[in-house]
Amino acid sequence: MDATTLARHFGLGGTARLSDGPVARGKQGAVWRLDTPDGSWAVKATFEPATEDEVWLSTALQEAAYDAGVPTPGVQRTTAGDVFADVGGTRVRLYTWVDLHDPDPLLDPTRVGEVVAALHQLPTLDDDTVVDEWFRAPIGAERWDELVGELLAEGAPFAHQLADLRDELVALETWLAPPGAVRTCHRDLWADNLRGTADGGLCVIDWENSGPADPVHELGLVLFEFGRSDAGRVRALHDAYVAAGGPATIRRRGDFTMLIAELGHITEIAARDWLRPNPRCPERADAEAWIAEGLDDPHTREVLDALLGAVAPNRV
């Protein structure tokens with residue numbers, strides 16, 4: 001990509017300088033830094049191509065969040081008003097640059113609760129109430145068994161660890177509950193995407209998975225990710241969320257539906273990436289590190305019941 005051409009597409013004048021290579025890389029794409037007289041920008045290219053129509057909802061939600069004061073990078077549109085520009089054969093989008101810390105599930109739980117409450121009070125931007133299976137559906141015993149068998153046959157270093165966890169994963173899927181009141185949610189609020197910043201704040205990034213979901217289910221995921229096994233952190237996060245006007249309240253095991261479904265699908269896809277490397281995980285070591293995130297600190301029924309007991313002692 002030529003920095004000057006890139007800047008011109010997005011209406012940025014003056015001399016522009018692009019980082020020599022990606023400064024960050026995730027499961028969905030890579031990010032370069034662009035410096036211009038108008039400021040610094042994150043240039044994001046995704047591994048899977050997308051159209052303007054496919055990103056309108058996630059972009060509109062991020063723009064609404066930014067306008068409402070939710071801490072998130074601003075979206076820089078092209079001079080034609082589009083999200084994407086094709087520059088040197090690469091399809092990219094631009095965001096205001098934010099200096100982010102590494103992912104940290106031990107961020108201040110009160111501030112996390114307040115940010116998630118603000119997200120859940122943004123306007124719902126679509127009347128679609130169909131929640132994607134990624135956020136609500138099981139993998140199923142048969143598919144878990146098939147996957148474990150393939151991994152054992154191929155000698156995957158984590159195969160026995162997954163095999164030992166298989167019964168727990170199947171049992172957790174009996175907790176899955178249908179979504180209730182659906183609204184437009186971020187749907188990817190892991191520590192990778194809710195970060196601390198160099199100026200001491202928080203920042204929500206990577207809105208590409210935004211769409212219809214039950215905010216109760218999203219809150220359940222956040223409680224696990226940022227509360228872990230610390231009942232005090234869990235209560236602080238939940239209390240701050242409610243005090244800040246968040247519409248959800250954790251009351252039952254089914255409220256962890258998004259967590260259970262997402263981690264199930266992430267575990268499955270990471271395992272399949274190990275079996276068949278691809279741009280998302282080009283090396284088997286990448287897939288092994290990804291799946292370890294779920295296997296090394298598993299979301300067992302005991303762990304989730306402890307979280308539930310911390311915020312809903314009279315649970316149903």
# chains A, B, ... in the order shown; residues from 1 in each chain; ligands from 1
call {"tool": "select_by_dssp", "arguments": {"residues": "stretch 152-272 of chain A", "states": "strand (DSSP E or B)", "output": "list in words"}}
result
Arg183, Thr184, Cys185, Leu194, Arg195, Gly196, Thr197, Leu202, Cys203, Val204, Gly211, Pro212 and Ala213 of chain A
call {"tool": "select_by_dssp", "arguments": {"residues": "stretch 137-260 of chain A", "states": "helix (DSSP H, G or I)", "output": "MDAnalysis selection string"}}
result
chainID A and resid 141:154 159:175 215:227 231:243 253:260
call {"tool": "atom_distance", "arguments": {"atom1": "atom CA of A:Pro22", "atom2": "atom CA of A:His265"}}
result
27.2 Å
call {"tool": "closest_residue", "arguments": {"among": "A:Asp230, A:Glu173, A:Asp35, A:Glu54", "to": "A:Trp97", "atoms": "only C-alpha atoms"}}
result
A:Asp35
call {"tool": "closest_residue", "arguments": {"among": "A:Glu114, A:Asp2, A:Glu133, A:Glu63", "to": "A:Gly88", "atoms": "only C-alpha atoms"}}
result
A:Asp2
call {"tool": "closest_residue", "arguments": {"among": "A:Gly232, A:Pro73, A:Pro298, A:Pro123", "to": "A:Asp99", "atoms": "only C-alpha atoms"}}
result
A:Pro73
call {"tool": "residues_around", "arguments": {"residues": "A:Leu307", "least_positions_apart": "3", "cutoff": "8 Å", "atoms": "only C-alpha atoms", "output": "MDAnalysis selection string"}}
result
chainID A and resid 223:224 227:229 231 234 303:304 310:311
